[in-house]
Every structure is written in C-alpha cells, then in structure tokens.
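A.B. asks: Just one file: input26.cif, with mmCIF, C-alpha atoms and all ligand atoms.
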data_input
loop_
_atom_site.label_atom_id
_atom_site.label_comp_id
_atom_site.auth_asym_id
_atom_site.auth_seq_id
_atom_site.Cartn_x
_atom_site.Cartn_y
_atom_site.Cartn_z
CA MET A 1 0.00 0.00 0.00
CA ASN A 2 1.42 3.40 -0.98
CA ASN A 3 0.87 6.04 1.69
CA ASN A 4 1.70 8.86 -0.71
CA LEU A 5 -1.61 8.67 -2.52
CA VAL A 6 -4.57 10.98 -2.02
CA TYR A 7 -7.99 10.11 -3.38
CA GLN A 8 -8.96 12.71 -5.98
CA LYS A 9 -12.54 13.91 -5.64
CA GLN A 10 -14.47 14.65 -8.81
CA THR A 11 -17.42 16.94 -9.42
CA LEU A 12 -19.37 14.48 -11.54
CA THR A 13 -20.02 11.99 -8.79
CA ARG A 14 -22.00 8.82 -9.06
CA GLU A 15 -24.98 10.64 -7.47
CA VAL A 16 -24.83 13.35 -10.13
CA LEU A 17 -24.59 10.74 -12.89
CA ASN A 18 -27.41 8.61 -11.47
CA LYS A 19 -29.64 11.68 -11.51
CA LYS A 20 -28.63 12.60 -15.04
CA TYR A 21 -29.10 9.08 -16.41
CA GLY A 22 -32.37 8.59 -14.52
CA HIS A 23 -31.46 5.34 -12.82
CA GLN A 24 -29.34 3.92 -10.03
CA SER A 25 -26.10 2.04 -10.61
CA PHE A 26 -25.24 -1.31 -9.07
CA VAL A 27 -23.86 -4.75 -9.82
CA ILE A 28 -25.83 -7.85 -10.73
CA TRP A 29 -23.35 -10.59 -9.81
CA LEU A 30 -24.04 -13.89 -11.58
CA THR A 31 -22.32 -16.94 -10.10
CA GLY A 32 -22.59 -20.53 -11.27
CA LEU A 33 -20.87 -23.43 -13.00
CA SER A 34 -19.47 -23.22 -16.51
CA GLY A 35 -22.40 -23.96 -18.82
CA SER A 36 -25.04 -23.00 -16.26
CA GLY A 37 -26.25 -20.14 -18.47
CA LYS A 38 -24.60 -17.07 -16.91
CA SER A 39 -23.42 -15.48 -20.14
CA THR A 40 -26.73 -16.08 -21.93
CA ILE A 41 -28.66 -14.58 -19.03
CA ALA A 42 -26.22 -11.65 -18.82
CA ASN A 43 -26.73 -10.95 -22.50
CA GLU A 44 -30.54 -11.01 -22.24
CA LEU A 45 -30.47 -8.79 -19.14
CA ASN A 46 -28.22 -6.35 -20.95
CA ILE A 47 -30.61 -6.13 -23.93
CA TYR A 48 -33.56 -5.60 -21.59
CA LEU A 49 -31.78 -2.75 -19.80
CA TYR A 50 -30.66 -1.21 -23.11
CA ASN A 51 -34.27 -1.15 -24.31
CA LYS A 52 -35.22 0.62 -21.09
CA ASN A 53 -32.52 3.25 -21.68
CA VAL A 54 -30.54 2.00 -18.71
CA LYS A 55 -26.79 2.26 -19.20
CA SER A 56 -25.32 -1.16 -18.57
CA TYR A 57 -22.27 -3.28 -19.32
CA ILE A 58 -21.34 -6.95 -19.06
CA LEU A 59 -18.09 -8.10 -17.49
CA ASP A 60 -17.63 -11.71 -18.60
CA GLY A 61 -14.97 -14.14 -17.36
CA ASP A 62 -13.95 -15.43 -20.77
CA ASN A 63 -13.60 -11.90 -22.14
CA THR A 64 -11.72 -10.37 -19.22
CA ARG A 65 -9.44 -13.41 -19.09
CA LEU A 66 -8.60 -12.75 -22.75
CA GLY A 67 -7.57 -9.20 -21.84
CA ILE A 68 -6.83 -7.57 -18.51
CA ASN A 69 -6.64 -10.92 -16.70
CA LYS A 70 -4.72 -12.90 -19.33
CA ASP A 71 -1.88 -13.40 -16.85
CA LEU A 72 -4.10 -15.36 -14.45
CA ASP A 73 -4.62 -19.13 -14.28
CA PHE A 74 -7.38 -21.22 -12.70
CA SER A 75 -5.59 -22.01 -9.45
CA ASP A 76 -7.39 -20.89 -6.29
CA GLU A 77 -5.04 -17.89 -6.16
CA GLY A 78 -5.61 -17.07 -9.84
CA ARG A 79 -9.37 -17.10 -9.35
CA LYS A 80 -9.08 -14.99 -6.21
CA GLU A 81 -7.10 -12.33 -8.07
CA ASN A 82 -9.47 -12.59 -11.05
CA ILE A 83 -12.47 -11.82 -8.83
CA ARG A 84 -10.62 -9.08 -6.95
CA ARG A 85 -9.68 -7.26 -10.15
CA VAL A 86 -13.08 -7.54 -11.79
CA SER A 87 -14.70 -6.37 -8.55
CA GLU A 88 -12.53 -3.25 -8.60
CA ILE A 89 -13.49 -2.70 -12.25
CA ALA A 90 -17.18 -3.23 -11.48
CA LYS A 91 -16.87 -0.69 -8.66
CA LEU A 92 -15.50 1.90 -11.10
CA PHE A 93 -18.37 1.24 -13.49
CA VAL A 94 -20.88 1.74 -10.68
CA ASP A 95 -19.14 5.05 -10.00
CA ALA A 96 -19.58 5.85 -13.70
CA GLY A 97 -23.34 5.37 -13.30
CA LEU A 98 -23.73 2.00 -14.99
CA VAL A 99 -25.58 -1.14 -14.08
CA VAL A 100 -22.91 -3.85 -14.28
CA ILE A 101 -23.77 -7.45 -15.02
CA THR A 102 -20.93 -9.78 -14.11
CA SER A 103 -20.61 -13.31 -15.41
CA PHE A 104 -17.93 -15.22 -13.51
CA ILE A 105 -17.98 -18.72 -12.09
CA SER A 106 -16.68 -17.12 -8.88
CA PRO A 107 -16.72 -20.51 -7.16
CA PHE A 108 -15.48 -19.48 -3.72
CA GLU A 109 -17.69 -17.97 -1.04
CA GLU A 110 -14.74 -16.01 0.35
CA ASP A 111 -14.01 -14.36 -3.02
CA ARG A 112 -17.68 -13.44 -3.52
CA THR A 113 -17.75 -11.92 -0.03
CA ASN A 114 -14.61 -10.01 -0.94
CA ALA A 115 -16.33 -8.82 -4.14
CA LYS A 116 -19.32 -7.66 -2.10
CA ASN A 117 -17.01 -5.77 0.26
CA ILE A 118 -15.14 -4.07 -2.57
CA ILE A 119 -18.30 -3.12 -4.48
CA GLY A 120 -20.33 -2.34 -1.36
CA ASN A 121 -23.15 -4.38 0.10
CA ASP A 122 -25.82 -1.93 -1.08
CA ASN A 123 -24.55 -2.07 -4.66
CA PHE A 124 -24.36 -5.84 -4.91
CA ILE A 125 -27.10 -8.20 -6.04
CA GLU A 126 -25.97 -11.80 -5.96
CA VAL A 127 -27.68 -14.15 -8.41
CA PHE A 128 -27.05 -17.88 -8.19
CA VAL A 129 -27.40 -19.36 -11.66
CA ASN A 130 -28.11 -22.86 -10.46
CA CYS A 131 -27.80 -25.94 -12.62
CA PRO A 132 -26.61 -29.42 -11.61
CA LEU A 133 -23.15 -30.41 -12.80
CA GLU A 134 -24.56 -33.37 -14.82
CA ILE A 135 -26.72 -31.02 -16.87
CA CYS A 136 -23.92 -28.46 -17.43
CA GLU A 137 -21.68 -31.33 -18.44
CA SER A 138 -24.25 -32.79 -20.82
CA ARG A 139 -24.68 -29.36 -22.44
CA ASP A 140 -20.88 -28.94 -22.70
CA VAL A 141 -21.30 -25.93 -25.00
CA LYS A 142 -17.57 -25.24 -25.17
CA GLY A 143 -16.41 -28.87 -25.04
CA LEU A 144 -14.42 -28.09 -21.89
CA TYR A 145 -16.00 -30.70 -19.59
CA LYS A 146 -14.94 -33.40 -22.04
CA LYS A 147 -11.38 -32.08 -21.97
CA ALA A 148 -11.46 -31.83 -18.17
CA ARG A 149 -12.65 -35.45 -17.83
CA LYS A 150 -9.77 -36.54 -20.07
CA GLY A 151 -7.38 -34.58 -17.84
CA GLU A 152 -6.49 -32.16 -20.63
CA ILE A 153 -7.70 -29.23 -18.48
CA LYS A 154 -6.70 -29.20 -14.84
CA LYS A 155 -8.56 -27.55 -11.95
CA PHE A 156 -11.84 -27.40 -13.84
CA THR A 157 -14.74 -26.22 -11.71
CA GLY A 158 -17.03 -29.09 -10.76
CA ILE A 159 -14.53 -31.73 -11.86
CA ASP A 160 -11.30 -31.25 -9.91
CA SER A 161 -11.92 -27.81 -8.46
CA PRO A 162 -14.85 -27.07 -6.13
CA PHE A 163 -17.89 -24.87 -6.58
CA GLU A 164 -19.23 -23.49 -3.31
CA ALA A 165 -22.91 -22.74 -3.89
CA PRO A 166 -23.91 -19.38 -2.41
CA LYS A 167 -25.75 -19.64 0.88
CA SER A 168 -27.43 -16.25 0.82
CA ALA A 169 -27.90 -15.21 -2.79
CA ASN A 170 -30.50 -12.48 -3.37
CA ILE A 171 -32.00 -14.54 -6.18
CA THR A 172 -31.57 -18.11 -7.38
CA VAL A 173 -32.59 -19.14 -10.88
CA ASN A 174 -32.74 -22.78 -11.93
CA THR A 175 -31.77 -23.05 -15.57
CA HIS A 176 -32.41 -26.81 -15.67
CA GLN A 177 -36.04 -26.28 -14.70
CA ASN A 178 -36.94 -22.93 -16.20
CA SER A 179 -36.35 -21.35 -19.59
CA ILE A 180 -33.75 -18.60 -19.97
CA ASP A 181 -36.64 -16.21 -20.57
CA GLU A 182 -38.27 -17.17 -17.26
CA CYS A 183 -34.98 -16.87 -15.39
CA VAL A 184 -34.30 -13.45 -16.90
CA LYS A 185 -37.81 -12.28 -16.00
CA SER A 186 -37.40 -13.27 -12.37
CA ILE A 187 -34.10 -11.39 -12.14
CA ILE A 188 -35.66 -8.34 -13.79
CA LYS A 189 -38.55 -8.43 -11.32
CA PHE A 190 -36.02 -8.22 -8.50
CA VAL A 191 -33.71 -5.57 -9.97
CA GLU A 192 -36.42 -3.34 -11.43
CA GLN A 193 -37.29 -1.94 -8.02
CA ARG A 194 -33.65 -0.95 -7.58
CA LEU A 195 -33.33 1.06 -10.80
S1 LIG A 201 -13.45 -17.94 -12.19
O1 LIG A 201 -13.49 -19.24 -11.52
O2 LIG A 201 -12.15 -17.30 -12.05
O3 LIG A 201 -14.56 -17.07 -11.75
P1 LIG A 201 -14.11 -17.27 -14.89
O4 LIG A 201 -15.58 -17.08 -14.85
O5 LIG A 201 -13.26 -16.05 -14.89
O6 LIG A 201 -13.67 -18.28 -13.72
O7 LIG A 201 -13.72 -18.08 -16.20
C1 LIG A 201 -14.43 -19.26 -16.49
C2 LIG A 201 -14.34 -19.60 -17.96
O8 LIG A 201 -13.03 -19.97 -18.32
C3 LIG A 201 -15.23 -20.79 -18.25
O9 LIG A 201 -16.47 -20.36 -18.78
C4 LIG A 201 -14.46 -21.60 -19.26
O10 LIG A 201 -14.85 -21.21 -20.55
C5 LIG A 201 -13.03 -21.16 -19.08
N1 LIG A 201 -12.14 -22.13 -18.37
C6 LIG A 201 -10.92 -22.54 -18.82
N2 LIG A 201 -10.32 -23.32 -17.92
C7 LIG A 201 -11.16 -23.42 -16.86
C8 LIG A 201 -11.08 -24.11 -15.60
N3 LIG A 201 -10.03 -24.82 -15.25
N4 LIG A 201 -12.14 -24.01 -14.75
C9 LIG A 201 -13.21 -23.27 -15.10
N5 LIG A 201 -13.33 -22.60 -16.28
C10 LIG A 201 -12.32 -22.67 -17.15
#
Represent the structure of the file as structure tokens.

C.D. replies:
Amino acid sequence: MNNNLVYQKQTLTREVLNKKYGHQSFVIWLTGLSGSGKSTIANELNIYLYNKNVKSYILDGDNTRLGINKDLDFSDEGRKENIRRVSEIAKLFVDAGLVVITSFISPFEEDRTNAKNIIGNDNFIEVFVNCPLEICESRDVKGLYKKARKGEIKKFTGIDSPFEAPKSANITVNTHQNSIDECVKSIIKFVEQRL
C-alpha cells in the first residue's frame, strides 16, 4: 500500500450521474458453474436494460481473461485475483453510473464476499445461476468438460476444483427447470425496483 496517494474527488459523482441518467447504478453478480447459463442470461439482461434506456455493461470471465486478466490461471489464487480485479473494475463502473452485469464462475464464497465488500453491500445483487453439474456437463457448450474429464484441463470447476454454492444469494434461478426467458424475467422483477 502506498501512503503517498490521495484520493482525488471529482465533481461528476455517481450521485450526479445517477440523476442525469435517470437510474441507479449497481452490480448484478451472476455466479454458477461453466455452462449454467450465466453469459446467456447476462446478455438477455443487458438487452432488456438497453431497451429501457438503462446504461449497462457486461463483465464476462472469458472476455476479461482474454484481456486484462490474461496473466491469471485457474488455481485458487488465480481465481481470487481474477475476482478481486473484476470487482474493482465493477466498482468503477458503478461510479460511472452503470448497471454492471458480471458473469464469472466465482466458485469461492470467500471471493464473492470479498467482491461484495469491494463493491459495497448496497450495490451488490448476488444471483445464483443454479444448474446441476450433470446437466452443465451434458450441455458442454464449449467442449471443456470433455477435456477436463480426459485430464487435458486441470482444476476445472465441478470436476477437480470445487464450486461453493452461495448460501445467501439475493435470487436463485434454476436453468435446468426454467427457460432462460423465465430466469431473466425473475431477475428483472427483482432488480427493477432498484433502478
Ligand atoms: S473464475 O473461476 O475465475 O470465476 P471465470 O468465470 O473467470 O472463472 O472463467 C471461467 C471460464 O473460463 C469458463 O467459462 C471456461 O470457458 C473457461 N475455463 C478454462 N479453464 C477453466 C477451468 N479450469 N475451470 C473453469 N473454467 C475454465
């Protein structure tokens, strides 16, 4: 930590921007296994918000790992740093007046709690995108479960790396039982009152 830093206040604060844009800013944090439907749900939520003239942006694990987080692996430490960095980015976006939809496996309770602390409890809506491993594996959209079973990918979530299901998510959607449309609608119902 550098003690020679002073936080620089700006005139166009989040409050000013929220007023100007006509909506609040916060984070919709999607957590769930690979293949559970996070990215699809994030995309549909984003379109819904766009059509309502709400400024929003998706932070997606695959995309951020191709860029800012390309130096990180899938070890517990790599995931921890991944979630820490994207939480700091999400926090900046909230400051910029946006609704942020994050799509990260974020398998560890401790890292999600850390994310909530960085972003701020009041700005954080945790959504558990629930789907049993067998179903995610049978979908295998990216063919990664197959590779993980063959041992070609190590530390794959659900196979040889754990997923700690959230204990106190604000919303849980079950993508094995309900359509994407139904899941998106139930999330919207919850977040709409926060806009
Ligand atoms: S997290 O665990 O650190 O939150 P993140 O959401 O960023 O993961 O990235 C997950 C994506 O990376 C998956 O959707 C999958 O496409 C890809 N991936 C590659 N290797 C792994 C792995 N070992 N475990 C999980 N996902 C992996």

A.B. asks: Name the residues in contact with Leu98 in chain A at a cut-off of 12 Å, using only C-alpha atoms, excluding same-chain residues fewer than 5 positions from it; report them as a PDB file with C-alpha atoms, in the frame of the given file.

C.D. replies:
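Once written, result.pdb looks like this:
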ATOM      1  CA  ARG A  14     -22.000   8.820  -9.060  1.00  0.00           C
ATOM      2  CA  GLU A  15     -24.980  10.640  -7.470  1.00  0.00           C
ATOM      3  CA  LEU A  17     -24.590  10.740 -12.890  1.00  0.00           C
ATOM      4  CA  ASN A  18     -27.410   8.610 -11.470  1.00  0.00           C
ATOM      5  CA  LYS A  19     -29.640  11.680 -11.510  1.00  0.00           C
ATOM      6  CA  LYS A  20     -28.630  12.600 -15.040  1.00  0.00           C
ATOM      7  CA  TYR A  21     -29.100   9.080 -16.410  1.00  0.00           C
ATOM      8  CA  GLY A  22     -32.370   8.590 -14.520  1.00  0.00           C
ATOM      9  CA  HIS A  23     -31.460   5.340 -12.820  1.00  0.00           C
ATOM     10  CA  GLN A  24     -29.340   3.920 -10.030  1.00  0.00           C
ATOM     11  CA  SER A  25     -26.100   2.040 -10.610  1.00  0.00           C
ATOM     12  CA  PHE A  26     -25.240  -1.310  -9.070  1.00  0.00           C
ATOM     13  CA  VAL A  27     -23.860  -4.750  -9.820  1.00  0.00           C
ATOM     14  CA  ILE A  28     -25.830  -7.850 -10.730  1.00  0.00           C
ATOM     15  CA  ASN A  46     -28.220  -6.350 -20.950  1.00  0.00           C
ATOM     16  CA  LEU A  49     -31.780  -2.750 -19.800  1.00  0.00           C
ATOM     17  CA  TYR A  50     -30.660  -1.210 -23.110  1.00  0.00           C
ATOM     18  CA  ASN A  53     -32.520   3.250 -21.680  1.00  0.00           C
ATOM     19  CA  VAL A  54     -30.540   2.000 -18.710  1.00  0.00           C
ATOM     20  CA  LYS A  55     -26.790   2.260 -19.200  1.00  0.00           C
ATOM     21  CA  SER A  56     -25.320  -1.160 -18.570  1.00  0.00           C
ATOM     22  CA  TYR A  57     -22.270  -3.280 -19.320  1.00  0.00           C
ATOM     23  CA  ILE A  58     -21.340  -6.950 -19.060  1.00  0.00           C
ATOM     24  CA  LEU A  59     -18.090  -8.100 -17.490  1.00  0.00           C
ATOM     25  CA  ILE A  89     -13.490  -2.700 -12.250  1.00  0.00           C
ATOM     26  CA  ALA A  90     -17.180  -3.230 -11.480  1.00  0.00           C
ATOM     27  CA  LYS A  91     -16.870  -0.690  -8.660  1.00  0.00           C
ATOM     28  CA  LEU A  92     -15.500   1.900 -11.100  1.00  0.00           C
ATOM     29  CA  PHE A  93     -18.370   1.240 -13.490  1.00  0.00           C
ATOM     30  CA  ASN A 123     -24.550  -2.070  -4.660  1.00  0.00           C
ATOM     31  CA  LEU A 195     -33.330   1.060 -10.800  1.00  0.00           C
TER      32      LEU A 195
END

A.B. asks: List all protein, DNA and RNA residues that have an atom no more than 8 Å from any atom of ligand LIG 201 (chain A), counting only C-alpha atoms and all ligand atoms, and report them as an MDAnalysis selection string.

C.D. replies: chainID A and resid 31 33:35 60:62 64:65 73:75 78:80 82:83 103:107 142 144 148 153:157 161

A.B. asks: Let me have the centre and edge lengths of the axis-aligned box enclosing all listed atoms of range 84-89 of chain A with 5 Å padding on every side, in Å to one decimal, as JSON.

C.D. replies:
{"center_x": -12.2, "center_y": -5.9, "center_z": -9.6, "size_x": 15.0, "size_y": 16.4, "size_z": 15.3}

A.B. asks: If you measure from CA of Tyr48 in chain A to CA of Lys189 in chain A, what distance in Å do you get, rounded to one decimal?

C.D. replies: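 So the two atoms, CA of Tyr48 in chain A and CA of Lys189 in chain A, lie 11.8 Å apart.
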
A.B. asks: Please determine, counting only C-alpha atoms, which residue among A:Met1, A:Leu72, A:Ala42, A:Ala115 has the shortest atom-to-atom distance to Glu88 in chain A.

C.D. replies: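 Closest to Glu88 in chain A, using only C-alpha atoms: A:Ala115.
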
A.B. asks: Could you give me, as a PyMOL selection string, the residues that sit within 12 Å of (-22.0, -15.7, -0.6) in the file's coordinates, counting all atoms listed in the file?

C.D. replies: chain A and resi 29-32+106-117+121+124-128+163-172

A.B. asks: Using all atoms listed in the file, can you tell me which of A:Asn51, A:Asn3, A:Ser39, A:Thr13 comes closest to Ala96 in chain A?

C.D. replies: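 Answer, going by the shortest atom-to-atom distance: A:Thr13.
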
A.B. asks: Which one is closest to Glu134 in chain A: A:Ile159, A:Ile118, A:Val94, A:Val99? Count all atoms listed in the file.

C.D. replies: A:Ile159

A.B. asks: What does the structure give for the distance between CA of Thr175 in chain A and CA of Asn63 in chain A, in Å to one decimal?

C.D. replies: 22.3 Å

A.B. asks: Which residue is closest to Lys38 in chain A? Choose from A:Gly97, A:Thr102, A:Glu152, A:Lys185 and count all atoms listed in the file.

C.D. replies: A:Thr102
